[in-house]
>>> print(open('work-v7.pdb').read())   # PDB, C-alpha atoms and all ligand atoms
ATOM      1  CA  MET A   1    -116.025 122.799 -25.648
ATOM      2  CA  ARG A   2    -112.421 121.886 -26.463
ATOM      3  CA  GLY A   3    -111.036 120.341 -29.648
ATOM      4  CA  LYS A   4    -107.628 119.625 -31.083
ATOM      5  CA  ALA A   5    -106.696 118.406 -34.540
ATOM      6  CA  ARG A   6    -103.738 118.021 -36.833
ATOM      7  CA  ALA A   7    -103.881 118.349 -40.620
ATOM      8  CA  TYR A   8    -101.095 117.829 -43.132
ATOM      9  CA  THR A   9    -100.304 120.095 -46.026
ATOM     10  CA  ASN A  10    -100.737 119.031 -49.620
ATOM     11  CA  ILE A  11     -98.996 119.832 -52.867
ATOM     12  CA  ALA A  12    -101.082 119.928 -56.021
ATOM     13  CA  LEU A  13     -99.909 117.835 -58.960
ATOM     14  CA  ILE A  14    -102.760 119.226 -61.043
ATOM     15  CA  LYS A  15    -103.203 122.784 -59.820
ATOM     16  CA  TYR A  16    -106.188 124.756 -58.628
ATOM     17  CA  TRP A  17    -105.759 128.148 -60.279
ATOM     18  CA  GLY A  18    -108.696 130.548 -60.573
ATOM     19  CA  LYS A  19    -112.102 130.893 -58.947
ATOM     20  CA  LYS A  20    -115.571 131.114 -60.393
ATOM     21  CA  ASP A  21    -116.943 132.348 -57.053
ATOM     22  CA  ASP A  22    -114.684 134.382 -54.766
ATOM     23  CA  ASP A  23    -116.920 134.205 -51.693
ATOM     24  CA  LEU A  24    -117.699 130.501 -51.801
ATOM     25  CA  ILE A  25    -114.211 129.697 -53.135
ATOM     26  CA  LEU A  26    -115.540 127.619 -56.002
ATOM     27  CA  PRO A  27    -112.631 126.796 -58.291
ATOM     28  CA  MET A  28    -112.682 127.098 -62.069
ATOM     29  CA  ASN A  29    -111.141 123.627 -62.381
ATOM     30  CA  SER A  30    -110.812 120.392 -60.457
ATOM     31  CA  SER A  31    -107.395 119.573 -58.971
ATOM     32  CA  LEU A  32    -105.350 116.700 -57.583
ATOM     33  CA  SER A  33    -102.790 116.661 -54.792
ATOM     34  CA  LEU A  34    -100.476 114.596 -52.663
ATOM     35  CA  THR A  35    -100.669 115.035 -48.887
ATOM     36  CA  LEU A  36     -97.258 115.296 -47.181
ATOM     37  CA  ASP A  37     -96.353 114.020 -43.733
ATOM     38  CA  ALA A  38     -93.448 116.423 -43.123
ATOM     39  CA  PHE A  39     -95.505 119.627 -42.919
ATOM     40  CA  TYR A  40     -98.593 120.067 -40.791
ATOM     41  CA  THR A  41    -100.598 122.350 -38.533
ATOM     42  CA  GLU A  42    -101.840 121.510 -35.058
ATOM     43  CA  THR A  43    -104.717 123.567 -33.775
ATOM     44  CA  GLU A  44    -106.485 123.693 -30.438
ATOM     45  CA  VAL A  45    -109.792 125.468 -29.952
ATOM     46  CA  ILE A  46    -111.425 126.246 -26.622
ATOM     47  CA  PHE A  47    -114.850 127.891 -26.439
ATOM     48  CA  ASP A  48    -115.199 129.896 -23.256
ATOM     49  CA  GLU A  49    -118.310 131.771 -22.055
ATOM     50  CA  GLY A  50    -116.050 134.257 -20.271
ATOM     51  CA  LEU A  51    -114.468 135.592 -23.499
ATOM     52  CA  LYS A  52    -115.592 138.932 -24.951
ATOM     53  CA  GLN A  53    -114.042 138.182 -28.364
ATOM     54  CA  ASP A  54    -112.202 135.485 -30.280
ATOM     55  CA  CYS A  55    -108.471 135.196 -29.655
ATOM     56  CA  PHE A  56    -105.975 133.761 -32.120
ATOM     57  CA  TYR A  57    -102.401 132.666 -31.418
ATOM     58  CA  LEU A  58    -100.254 131.492 -34.321
ATOM     59  CA  ASN A  59     -96.960 129.902 -33.296
ATOM     60  CA  GLU A  60     -97.499 131.397 -29.834
ATOM     61  CA  VAL A  61     -97.864 134.954 -31.176
ATOM     62  CA  LEU A  62    -101.148 136.794 -30.599
ATOM     63  CA  GLN A  63    -102.489 137.802 -34.022
ATOM     64  CA  SER A  64    -103.796 141.208 -35.127
ATOM     65  CA  GLU A  65    -107.445 142.211 -35.074
ATOM     66  CA  LYS A  66    -107.604 141.834 -38.855
ATOM     67  CA  GLU A  67    -106.373 138.224 -38.731
ATOM     68  CA  THR A  68    -108.669 137.467 -35.797
ATOM     69  CA  LEU A  69    -111.726 138.826 -37.618
ATOM     70  CA  LYS A  70    -110.920 136.666 -40.645
ATOM     71  CA  LEU A  71    -110.655 133.664 -38.380
ATOM     72  CA  GLY A  72    -113.880 134.640 -36.606
ATOM     73  CA  ALA A  73    -115.739 134.638 -39.919
ATOM     74  CA  PHE A  74    -114.547 131.075 -40.495
ATOM     75  CA  ILE A  75    -115.504 129.983 -36.964
ATOM     76  CA  ASN A  76    -118.980 131.428 -37.607
ATOM     77  CA  HIS A  77    -119.694 128.665 -40.156
ATOM     78  CA  PHE A  78    -119.385 126.200 -37.262
ATOM     79  CA  ARG A  79    -121.073 128.401 -34.633
ATOM     80  CA  LYS A  80    -124.076 128.686 -36.924
ATOM     81  CA  GLN A  81    -124.402 124.918 -37.256
ATOM     82  CA  ALA A  82    -124.031 124.428 -33.496
ATOM     83  CA  ASN A  83    -126.384 127.314 -32.725
ATOM     84  CA  CYS A  84    -123.703 128.817 -30.521
ATOM     85  CA  SER A  85    -122.506 132.380 -29.975
ATOM     86  CA  THR A  86    -119.630 131.724 -27.571
ATOM     87  CA  HIS A  87    -116.176 133.114 -28.383
ATOM     88  CA  ALA A  88    -113.115 130.934 -28.715
ATOM     89  CA  VAL A  89    -109.375 130.888 -28.138
ATOM     90  CA  VAL A  90    -107.546 129.341 -31.084
ATOM     91  CA  LYS A  91    -103.958 128.187 -30.693
ATOM     92  CA  SER A  92    -102.316 127.098 -33.900
ATOM     93  CA  GLN A  93     -98.837 125.727 -34.391
ATOM     94  CA  ASN A  94     -97.528 125.599 -37.934
ATOM     95  CA  TYR A  95     -94.925 123.001 -38.757
ATOM     96  CA  VAL A  96     -94.700 124.579 -42.213
ATOM     97  CA  PRO A  97     -92.664 127.600 -43.331
ATOM     98  CA  THR A  98     -95.557 130.089 -43.402
ATOM     99  CA  ALA A  99     -96.449 131.596 -46.794
ATOM    100  CA  ALA A 100     -93.361 130.240 -48.528
ATOM    101  CA  GLY A 101     -95.493 128.587 -51.179
ATOM    102  CA  LEU A 102     -95.868 125.559 -48.966
ATOM    103  CA  ALA A 103     -99.579 126.015 -48.537
ATOM    104  CA  SER A 104     -99.707 126.674 -44.791
ATOM    105  CA  SER A 105    -103.266 127.874 -45.347
ATOM    106  CA  ALA A 106    -104.170 124.371 -46.539
ATOM    107  CA  SER A 107    -103.136 122.553 -43.369
ATOM    108  CA  GLY A 108    -104.170 125.592 -41.299
ATOM    109  CA  PHE A 109    -107.831 125.707 -42.265
ATOM    110  CA  ALA A 110    -108.147 121.922 -42.390
ATOM    111  CA  ALA A 111    -106.793 121.584 -38.828
ATOM    112  CA  LEU A 112    -109.005 124.428 -37.625
ATOM    113  CA  ALA A 113    -112.082 122.800 -39.186
ATOM    114  CA  GLY A 114    -111.266 119.551 -37.375
ATOM    115  CA  ALA A 115    -110.682 121.258 -34.021
ATOM    116  CA  LEU A 116    -113.929 123.243 -34.312
ATOM    117  CA  ASN A 117    -115.869 120.137 -35.270
ATOM    118  CA  GLN A 118    -114.631 118.407 -32.139
ATOM    119  CA  ALA A 119    -114.982 121.389 -29.802
ATOM    120  CA  LEU A 120    -118.624 121.937 -30.754
ATOM    121  CA  GLY A 121    -119.451 118.222 -30.876
ATOM    122  CA  LEU A 122    -120.839 118.571 -34.396
ATOM    123  CA  ASN A 123    -119.702 115.162 -35.641
ATOM    124  CA  LEU A 124    -119.423 116.377 -39.223
ATOM    125  CA  ASP A 125    -117.967 113.787 -41.568
ATOM    126  CA  LYS A 126    -114.879 114.372 -43.714
ATOM    127  CA  LYS A 127    -116.890 115.317 -46.776
ATOM    128  CA  GLU A 128    -118.670 118.094 -44.841
ATOM    129  CA  LEU A 129    -115.382 119.243 -43.289
ATOM    130  CA  SER A 130    -113.790 119.363 -46.714
ATOM    131  CA  LYS A 131    -116.527 121.743 -47.911
ATOM    132  CA  ILE A 132    -116.210 124.047 -44.916
ATOM    133  CA  ALA A 133    -112.386 124.008 -44.996
ATOM    134  CA  ARG A 134    -112.769 125.229 -48.597
ATOM    135  CA  LEU A 135    -114.451 128.404 -47.335
ATOM    136  CA  GLY A 136    -111.183 129.243 -45.534
ATOM    137  CA  SER A 137    -108.805 128.466 -48.385
ATOM    138  CA  GLY A 138    -109.276 126.436 -51.547
ATOM    139  CA  SER A 139    -106.301 124.140 -51.058
ATOM    140  CA  ALA A 140    -107.532 123.294 -47.512
ATOM    141  CA  THR A 141    -110.363 121.345 -49.159
ATOM    142  CA  ARG A 142    -107.828 118.629 -50.020
ATOM    143  CA  SER A 143    -105.936 118.569 -46.689
ATOM    144  CA  ILE A 144    -108.766 116.699 -44.961
ATOM    145  CA  TYR A 145    -107.476 113.514 -46.608
ATOM    146  CA  GLY A 146    -104.170 111.693 -46.941
ATOM    147  CA  GLY A 147    -102.535 110.221 -50.046
ATOM    148  CA  PHE A 148    -103.621 111.337 -53.518
ATOM    149  CA  VAL A 149    -106.706 113.528 -53.245
ATOM    150  CA  GLU A 150    -109.000 114.921 -55.887
ATOM    151  CA  TRP A 151    -111.021 118.097 -55.400
ATOM    152  CA  LYS A 152    -113.940 118.142 -57.826
ATOM    153  CA  ALA A 153    -114.689 121.737 -58.752
ATOM    154  CA  GLY A 154    -118.475 121.422 -58.461
ATOM    155  CA  ASN A 155    -120.760 124.377 -59.056
ATOM    156  CA  CYS A 156    -122.158 125.237 -55.615
ATOM    157  CA  HIS A 157    -121.158 124.860 -51.956
ATOM    158  CA  ASP A 158    -122.520 121.328 -51.661
ATOM    159  CA  THR A 159    -120.873 119.915 -54.772
ATOM    160  CA  SER A 160    -117.347 121.309 -54.294
ATOM    161  CA  TYR A 161    -115.337 119.014 -52.024
ATOM    162  CA  ALA A 162    -112.441 116.568 -52.037
ATOM    163  CA  HIS A 163    -112.282 112.794 -51.939
ATOM    164  CA  PRO A 164    -109.339 110.414 -51.469
ATOM    165  CA  MET A 165    -108.212 108.741 -54.700
ATOM    166  CA  ASP A 166    -105.376 106.443 -53.697
ATOM    167  CA  ASP A 167    -103.373 106.016 -50.500
ATOM    168  CA  ALA A 168    -100.096 106.540 -52.430
ATOM    169  CA  SER A 169     -98.437 103.618 -50.657
ATOM    170  CA  TRP A 170     -96.344 102.772 -53.718
ATOM    171  CA  ASP A 171     -92.879 104.249 -53.320
ATOM    172  CA  VAL A 172     -93.672 107.921 -53.882
ATOM    173  CA  GLY A 173     -92.335 110.875 -51.966
ATOM    174  CA  MET A 174     -91.579 114.532 -52.348
ATOM    175  CA  ILE A 175     -88.443 116.552 -51.795
ATOM    176  CA  VAL A 176     -89.083 120.181 -50.943
ATOM    177  CA  VAL A 177     -86.265 122.575 -51.775
ATOM    178  CA  ILE A 178     -86.585 125.766 -49.749
ATOM    179  CA  VAL A 179     -85.128 128.312 -52.116
ATOM    180  CA  ASN A 180     -86.398 131.266 -50.102
ATOM    181  CA  GLN A 181     -88.214 131.355 -46.725
ATOM    182  CA  LYS A 182     -89.493 134.912 -47.134
ATOM    183  CA  GLN A 183     -93.217 135.656 -47.411
ATOM    184  CA  LYS A 184     -94.400 135.813 -51.000
ATOM    185  CA  ASN A 185     -95.349 139.288 -52.212
ATOM    186  CA  ILE A 186     -98.269 138.231 -54.402
ATOM    187  CA  SER A 187    -100.539 135.798 -52.593
ATOM    188  CA  SER A 188    -102.088 132.950 -54.544
ATOM    189  CA  ARG A 189    -105.464 134.574 -53.903
ATOM    190  CA  GLU A 190    -104.424 137.815 -55.568
ATOM    191  CA  GLY A 191    -102.349 136.065 -58.250
ATOM    192  CA  MET A 192    -105.114 133.796 -59.463
ATOM    193  CA  LYS A 193    -107.597 136.649 -59.482
ATOM    194  CA  ARG A 194    -105.340 138.792 -61.638
ATOM    195  CA  THR A 195    -104.654 135.858 -63.964
ATOM    196  CA  VAL A 196    -108.343 135.086 -64.513
ATOM    197  CA  ALA A 197    -109.113 138.760 -65.103
ATOM    198  CA  THR A 198    -106.260 139.653 -67.440
ATOM    199  CA  SER A 199    -104.230 136.763 -68.851
ATOM    200  CA  PRO A 200    -105.016 135.758 -72.447
ATOM    201  CA  PHE A 201    -103.318 132.425 -71.644
ATOM    202  CA  TYR A 202    -105.894 131.555 -68.982
ATOM    203  CA  ARG A 203    -108.189 130.253 -71.726
ATOM    204  CA  GLY A 204    -105.500 127.749 -72.695
ATOM    205  CA  TRP A 205    -105.256 126.628 -69.072
ATOM    206  CA  LEU A 206    -109.003 126.010 -68.871
ATOM    207  CA  ASP A 207    -109.040 124.260 -72.217
ATOM    208  CA  THR A 208    -106.499 121.647 -71.130
ATOM    209  CA  VAL A 209    -106.553 121.233 -67.345
ATOM    210  CA  GLU A 210    -109.396 118.717 -67.157
ATOM    211  CA  GLU A 211    -107.584 116.493 -69.687
ATOM    212  CA  ASP A 212    -104.388 116.795 -67.592
ATOM    213  CA  LEU A 213    -106.375 115.699 -64.561
ATOM    214  CA  LYS A 214    -107.832 112.734 -66.408
ATOM    215  CA  GLN A 215    -104.371 111.589 -67.476
ATOM    216  CA  ALA A 216    -102.968 112.017 -63.975
ATOM    217  CA  LYS A 217    -105.770 109.889 -62.549
ATOM    218  CA  VAL A 218    -105.128 107.135 -65.085
ATOM    219  CA  ALA A 219    -101.413 107.258 -64.228
ATOM    220  CA  ILE A 220    -102.236 106.882 -60.508
ATOM    221  CA  GLN A 221    -104.589 103.994 -61.164
ATOM    222  CA  ARG A 222    -101.858 102.245 -63.156
ATOM    223  CA  LYS A 223     -99.193 103.274 -60.620
ATOM    224  CA  ASP A 224     -97.330 104.691 -63.607
ATOM    225  CA  PHE A 225     -94.885 107.002 -61.851
ATOM    226  CA  GLU A 226     -93.268 108.421 -64.995
ATOM    227  CA  GLN A 227     -96.567 109.325 -66.601
ATOM    228  CA  LEU A 228     -97.757 110.975 -63.397
ATOM    229  CA  GLY A 229     -94.493 112.925 -63.132
ATOM    230  CA  LYS A 230     -94.609 114.175 -66.707
ATOM    231  CA  ILE A 231     -98.117 115.485 -66.411
ATOM    232  CA  THR A 232     -97.342 117.038 -62.990
ATOM    233  CA  GLU A 233     -94.414 118.980 -64.388
ATOM    234  CA  SER A 234     -96.167 120.180 -67.508
ATOM    235  CA  ASN A 235     -99.284 121.197 -65.577
ATOM    236  CA  ALA A 236     -97.218 123.333 -63.190
ATOM    237  CA  LEU A 237     -95.352 125.038 -66.020
ATOM    238  CA  LYS A 238     -98.628 125.747 -67.771
ATOM    239  CA  MET A 239    -100.039 127.396 -64.645
ATOM    240  CA  HIS A 240     -96.938 129.579 -64.284
ATOM    241  CA  ALA A 241     -97.155 130.521 -67.972
ATOM    242  CA  THR A 242    -100.622 132.009 -67.384
ATOM    243  CA  MET A 243     -99.054 134.442 -64.887
ATOM    244  CA  LEU A 244     -96.492 135.678 -67.413
ATOM    245  CA  GLY A 245     -99.424 136.675 -69.584
ATOM    246  CA  ALA A 246    -101.219 138.591 -66.815
ATOM    247  CA  ASN A 247    -101.389 142.382 -66.599
ATOM    248  CA  PRO A 248     -99.273 143.404 -64.817
ATOM    249  CA  PRO A 249     -97.302 140.180 -65.286
ATOM    250  CA  PHE A 250     -95.802 138.353 -62.329
ATOM    251  CA  CYS A 251     -93.557 135.378 -61.781
ATOM    252  CA  TYR A 252     -92.721 133.197 -58.762
ATOM    253  CA  PHE A 253     -89.520 131.745 -60.207
ATOM    254  CA  GLU A 254     -86.221 132.798 -58.687
ATOM    255  CA  ALA A 255     -82.794 131.982 -60.108
ATOM    256  CA  ASP A 256     -82.415 129.111 -57.641
ATOM    257  CA  SER A 257     -85.832 127.716 -58.575
ATOM    258  CA  ILE A 258     -84.593 127.319 -62.139
ATOM    259  CA  LYS A 259     -81.361 125.727 -60.899
ATOM    260  CA  VAL A 260     -83.411 123.056 -59.145
ATOM    261  CA  MET A 261     -85.430 122.445 -62.304
ATOM    262  CA  GLN A 262     -82.193 121.936 -64.223
ATOM    263  CA  VAL A 263     -80.902 119.448 -61.660
ATOM    264  CA  VAL A 264     -84.162 117.510 -61.976
ATOM    265  CA  GLU A 265     -83.761 117.382 -65.732
ATOM    266  CA  GLU A 266     -80.126 116.249 -65.448
ATOM    267  CA  LEU A 267     -81.044 113.494 -63.012
ATOM    268  CA  ARG A 268     -83.736 112.301 -65.377
ATOM    269  CA  CYS A 269     -81.216 112.140 -68.230
ATOM    270  CA  GLU A 270     -79.093 109.972 -65.955
ATOM    271  CA  GLY A 271     -81.994 107.590 -65.461
ATOM    272  CA  VAL A 272     -83.372 108.804 -62.107
ATOM    273  CA  PRO A 273     -87.089 109.476 -62.542
ATOM    274  CA  CYS A 274     -88.028 112.721 -60.763
ATOM    275  CA  TYR A 275     -90.260 115.655 -61.678
ATOM    276  CA  PHE A 276     -90.671 119.176 -60.313
ATOM    277  CA  THR A 277     -93.664 121.282 -59.438
ATOM    278  CA  MET A 278     -93.994 124.826 -58.042
ATOM    279  CA  ASP A 279     -96.771 126.847 -56.442
ATOM    280  CA  ALA A 280     -97.252 130.506 -55.576
ATOM    281  CA  GLY A 281     -93.696 130.900 -54.276
ATOM    282  CA  PRO A 282     -90.101 130.191 -55.305
ATOM    283  CA  ASN A 283     -89.699 126.829 -53.569
ATOM    284  CA  VAL A 284     -89.537 123.742 -55.727
ATOM    285  CA  LYS A 285     -91.069 120.380 -54.899
ATOM    286  CA  ILE A 286     -89.706 117.259 -56.511
ATOM    287  CA  LEU A 287     -91.945 114.254 -56.976
ATOM    288  CA  CYS A 288     -89.727 111.199 -56.650
ATOM    289  CA  ARG A 289     -89.491 107.562 -55.755
ATOM    290  CA  ASN A 290     -88.874 107.432 -51.997
ATOM    291  CA  SER A 291     -86.256 104.786 -52.616
ATOM    292  CA  GLN A 292     -84.342 107.166 -54.900
ATOM    293  CA  ALA A 293     -84.602 110.237 -52.708
ATOM    294  CA  PRO A 294     -81.040 109.836 -51.317
ATOM    295  CA  ILE A 295     -79.505 110.101 -54.809
ATOM    296  CA  ILE A 296     -81.511 113.243 -55.568
ATOM    297  CA  MET A 297     -80.807 114.829 -52.197
ATOM    298  CA  ASN A 298     -77.079 114.180 -52.499
ATOM    299  CA  ARG A 299     -77.038 115.983 -55.825
ATOM    300  CA  LEU A 300     -78.990 118.925 -54.403
ATOM    301  CA  LYS A 301     -76.569 119.127 -51.468
ATOM    302  CA  GLN A 302     -73.845 120.195 -53.892
ATOM    303  CA  MET A 303     -75.793 123.425 -54.358
ATOM    304  CA  PHE A 304     -77.964 123.962 -51.294
ATOM    305  CA  LYS A 305     -77.552 123.724 -47.534
ATOM    306  CA  PRO A 306     -78.863 120.511 -45.974
ATOM    307  CA  GLU A 307     -81.563 122.449 -44.098
ATOM    308  CA  GLN A 308     -82.936 123.720 -47.421
ATOM    309  CA  ILE A 309     -83.692 120.186 -48.577
ATOM    310  CA  ILE A 310     -86.573 118.376 -46.881
ATOM    311  CA  LEU A 311     -87.774 114.904 -47.755
ATOM    312  CA  SER A 312     -91.409 114.131 -47.111
ATOM    313  CA  GLY A 313     -93.363 110.929 -47.232
ATOM    314  CA  VAL A 314     -97.074 110.628 -47.831
ATOM    315  CA  GLY A 315     -99.301 112.201 -45.200
ATOM    316  CA  PRO A 316    -102.486 110.763 -43.630
ATOM    317  CA  ASP A 317    -106.036 112.074 -43.149
ATOM    318  CA  LEU A 318    -106.940 114.786 -40.663
ATOM    319  CA  GLU A 319    -106.290 113.520 -37.122
ATOM    320  CA  TYR A 320    -108.042 114.336 -33.867
ATOM    321  CA  HIS A 321    -105.794 114.676 -30.828
TER
HETATM  322  O1  LIG B   1    -102.661 124.220 -54.342
HETATM  323  O2  LIG B   1    -107.443 131.889 -52.464
HETATM  324  O3  LIG B   1    -105.639 127.652 -51.669
HETATM  325  O4  LIG B   1    -103.811 123.685 -56.121
HETATM  326  O5  LIG B   1    -101.020 126.331 -54.538
HETATM  327  O6  LIG B   1    -106.968 130.608 -50.372
HETATM  328  O7  LIG B   1    -108.315 129.587 -52.193
HETATM  329  O8  LIG B   1    -103.808 129.362 -51.300
HETATM  330  F1  LIG B   1    -100.023 128.035 -56.430
HETATM  331  C1  LIG B   1    -100.989 127.346 -56.753
HETATM  332  C2  LIG B   1    -103.500 127.461 -53.916
HETATM  333  C3  LIG B   1    -102.905 127.658 -55.254
HETATM  334  C4  LIG B   1    -102.348 125.455 -56.347
HETATM  335  O9  LIG B   1    -104.313 128.547 -53.624
HETATM  336  O10 LIG B   1    -105.881 130.019 -52.543
HETATM  337  C5  LIG B   1    -102.990 124.394 -55.524
HETATM  338  C6  LIG B   1    -101.831 126.682 -55.641
HETATM  339  P1  LIG B   1    -107.225 130.544 -51.877
HETATM  340  P2  LIG B   1    -104.903 128.832 -52.167
END
>>> encode(input="work-v7.pdb", output="structure tokens")
Amino acid sequence: MRGKARAYTNIALIKYWGKKDDDLILPMNSSLSLTLDAFYTETEVIFDEGLKQDCFYLNEVLQSEKETLKLGAFINHFRKQANCSTHAVVKSQNYVPTAAGLASSASGFAALAGALNQALGLNLDKKELSKIARLGSGSATRSIYGGFVEWKAGNCHDTSYAHPMDDASWDVGMIVVIVNQKQKNISSREGMKRTVATSPFYRGWLDTVEEDLKQAKVAIQRKDFEQLGKITESNALKMHATMLGANPPFCYFEADSIKVMQVVEELRCEGVPCYFTMDAGPNVKILCRNSQAPIIMNRLKQMFKPEQIILSGVGPDLEYH
């Protein structure tokens, strides 16, 4: 009745933005990500007959009743399959700056799904785990796998899951620039909901995102780094543009986020291929050649503290510990 798993976070190159079903977390569009080895969550689950309720520790801090109930609802998907009503202690350690736009919910729910699978001896395969992780948070769907991962939108619970596309073992990496560690004030959940409901630009997103995805997949198949980078950058900007059109409008860019974007553009003009992307927070991620990361990081160090600049390689599949 004990399980422990580690899952790595992922950064979308083609973004998931908007749901067609809020309860099942079915996305409006398919998406594509890169799993990172520098940021992960490790979660241990112990089911214990003696417990009167579930208990949830995040980074050694006991969580509130609200958080615990949310977690309990997720655990119930597994309890149901195992025909079990026992409560559990969940201990989760995040090696990710929580809620700083670095998708801690992605690695969080993926690791929890793995730990629960092991603790209850369910032997669910990765495809099944990907579906259930999705019920916790959309981006967690992709964190079951390493490398480049595609999440096909699907149209019901059983058709919406991720699959690995390419192991990304061809000189790619990502530099994360921590512009601001603070918790974001509009969660991605709330932000995408508002965008779908009110932004006139959301139509434009839907009209073009599947074509972006197609082009990104071709670029990966051809190992065409520049093509992949270009489409990554333009897809991110397009997603952020939909938010400017929302009512009320909102924006995750901070002054320093834009500074990083300008550095990326300068480096490109100098012949260093690198491309930025951003999620529901001010931090900027730079898709680069691993071999060229030192040049990029040295340039960023003229503006940011060394601890704000983190290089990540490509992360693996969910691991059992
Ligand atoms: O990761 O409402 O998974 O594709 O990071 O929990 O399903 O936190 F900012 C864009 C991730 C959104 C793009 O949203 O939302 C991406 C985003 P939930 P998530």
>>> residues_near_point(input="work-v7.pdb", point="(-104.7, 124.5, -37.7)", cutoff="12 Å", atoms="all atoms listed in the file", output="PyMOL selection string")
chain A and resi 3-9+39-45+56-59+71+90-96+104-116+133+136+140+143-144+318-320
>>> residues_near_ligand(input="work-v7.pdb", ligand="ligand LIG 1 (chain B)", cutoff="6 Å", atoms="only C-alpha atoms and all ligand atoms", output="PDB file with C-alpha atoms, keeping the file's coordinate frame")
ATOM      1  CA  ILE A  11     -98.996 119.832 -52.867  1.00  0.00           C
ATOM      2  CA  ALA A  12    -101.082 119.928 -56.021  1.00  0.00           C
ATOM      3  CA  LYS A  15    -103.203 122.784 -59.820  1.00  0.00           C
ATOM      4  CA  TYR A  16    -106.188 124.756 -58.628  1.00  0.00           C
ATOM      5  CA  TRP A  17    -105.759 128.148 -60.279  1.00  0.00           C
ATOM      6  CA  ILE A  25    -114.211 129.697 -53.135  1.00  0.00           C
ATOM      7  CA  SER A 137    -108.805 128.466 -48.385  1.00  0.00           C
ATOM      8  CA  GLY A 138    -109.276 126.436 -51.547  1.00  0.00           C
ATOM      9  CA  SER A 139    -106.301 124.140 -51.058  1.00  0.00           C
ATOM     10  CA  SER A 188    -102.088 132.950 -54.544  1.00  0.00           C
ATOM     11  CA  ARG A 189    -105.464 134.574 -53.903  1.00  0.00           C
ATOM     12  CA  ASP A 279     -96.771 126.847 -56.442  1.00  0.00           C
ATOM     13  CA  ALA A 280     -97.252 130.506 -55.576  1.00  0.00           C
TER      14      ALA A 280
END
>>> closest_residue(input="work-v7.pdb", among="A:Leu32, A:Ile46, A:Met174, A:Ala38", to="A:Ile220", atoms="all atoms listed in the file")
A:Leu32
>>> resolve_selection(input="work-v7.pdb", expression="the PyMOL selection byres (((chain A and resi 241-246) around 9) and not hetatm)", output="NGL selection string")
:A and (191-192 or 194-205 or 236-240 or 247-252)
>>> atom_distance(input="work-v7.pdb", atom1="atom CA of A:Ser257", atom2="atom CA of A:Glu233")
13.6 Å
>>> closest_atom_pairs(input="work-v7.pdb", of="stretch 151-260 of chain A", to="stretch 281-300 of chain A", cutoff="9 Å", atoms="all atoms listed in the file", output="CSV")
residue,atom,partner,partner_atom,distance
A:Trp170,CA,A:Arg289,CA,8.6
A:Asp171,CA,A:Asn290,CA,5.3
A:Val172,CA,A:Arg289,CA,4.6
A:Gly173,CA,A:Asn290,CA,4.9
A:Met174,CA,A:Leu287,CA,4.7
A:Ile175,CA,A:Ile286,CA,4.9
A:Val176,CA,A:Lys285,CA,4.4
A:Val177,CA,A:Val284,CA,5.3
A:Ile178,CA,A:Asn283,CA,5.0
A:Val179,CA,A:Asn283,CA,5.0
A:Asn180,CA,A:Pro282,CA,6.5
A:Gln181,CA,A:Asn283,CA,8.3
A:Gln183,CA,A:Gly281,CA,8.4
A:Lys184,CA,A:Gly281,CA,5.9
A:Asn185,CA,A:Gly281,CA,8.8
A:Ile186,CA,A:Gly281,CA,8.6
A:Ser187,CA,A:Gly281,CA,8.6
A:Ser188,CA,A:Gly281,CA,8.6
A:Phe225,CA,A:Arg289,CA,8.2
A:Gly229,CA,A:Leu287,CA,6.8
A:Thr232,CA,A:Leu287,CA,8.5
A:Cys251,CA,A:Gly281,CA,8.7
A:Tyr252,CA,A:Gly281,CA,5.1
A:Phe253,CA,A:Pro282,CA,5.2
A:Glu254,CA,A:Pro282,CA,5.8
A:Ala255,CA,A:Pro282,CA,8.9
A:Asp256,CA,A:Pro282,CA,8.1
A:Ser257,CA,A:Pro282,CA,5.9
A:Ile258,CA,A:Val284,CA,8.9
A:Val260,CA,A:Val284,CA,7.0
>>> axis_aligned_box(input="work-v7.pdb", around="stretch 169-177 of chain A", padding_each_side="6 Å", output="AutoDock Vina command-line options")
--center_x -92.4 --center_y 112.7 --center_z -52.3 --size_x 24.2 --size_y 31.8 --size_z 15.2
>>> atom_distance(input="work-v7.pdb", atom1="atom CA of A:Gly313", atom2="atom CA of A:Met278")
17.6 Å
>>> atom_distance(input="work-v7.pdb", atom1="atom CA of A:Ala162", atom2="atom CA of A:Pro316")
14.3 Å
>>> resolve_selection(input="work-v7.pdb", expression="the PyMOL selection byres (((chain A and resi 130) around 7) and not hetatm)", output="number ranges by chain")
A: 126-129, 131-134, 141-142, 144, 161-162
>>> write_last_selection(input="work-v7.pdb", atoms="C-alpha atoms", output="PDB file, keeping the file's coordinate frame")
ATOM      1  CA  LYS A 126    -114.879 114.372 -43.714  1.00  0.00           C
ATOM      2  CA  LYS A 127    -116.890 115.317 -46.776  1.00  0.00           C
ATOM      3  CA  GLU A 128    -118.670 118.094 -44.841  1.00  0.00           C
ATOM      4  CA  LEU A 129    -115.382 119.243 -43.289  1.00  0.00           C
ATOM      5  CA  LYS A 131    -116.527 121.743 -47.911  1.00  0.00           C
ATOM      6  CA  ILE A 132    -116.210 124.047 -44.916  1.00  0.00           C
ATOM      7  CA  ALA A 133    -112.386 124.008 -44.996  1.00  0.00           C
ATOM      8  CA  ARG A 134    -112.769 125.229 -48.597  1.00  0.00           C
ATOM      9  CA  THR A 141    -110.363 121.345 -49.159  1.00  0.00           C
ATOM     10  CA  ARG A 142    -107.828 118.629 -50.020  1.00  0.00           C
ATOM     11  CA  ILE A 144    -108.766 116.699 -44.961  1.00  0.00           C
ATOM     12  CA  TYR A 161    -115.337 119.014 -52.024  1.00  0.00           C
ATOM     13  CA  ALA A 162    -112.441 116.568 -52.037  1.00  0.00           C
TER      14      ALA A 162
END
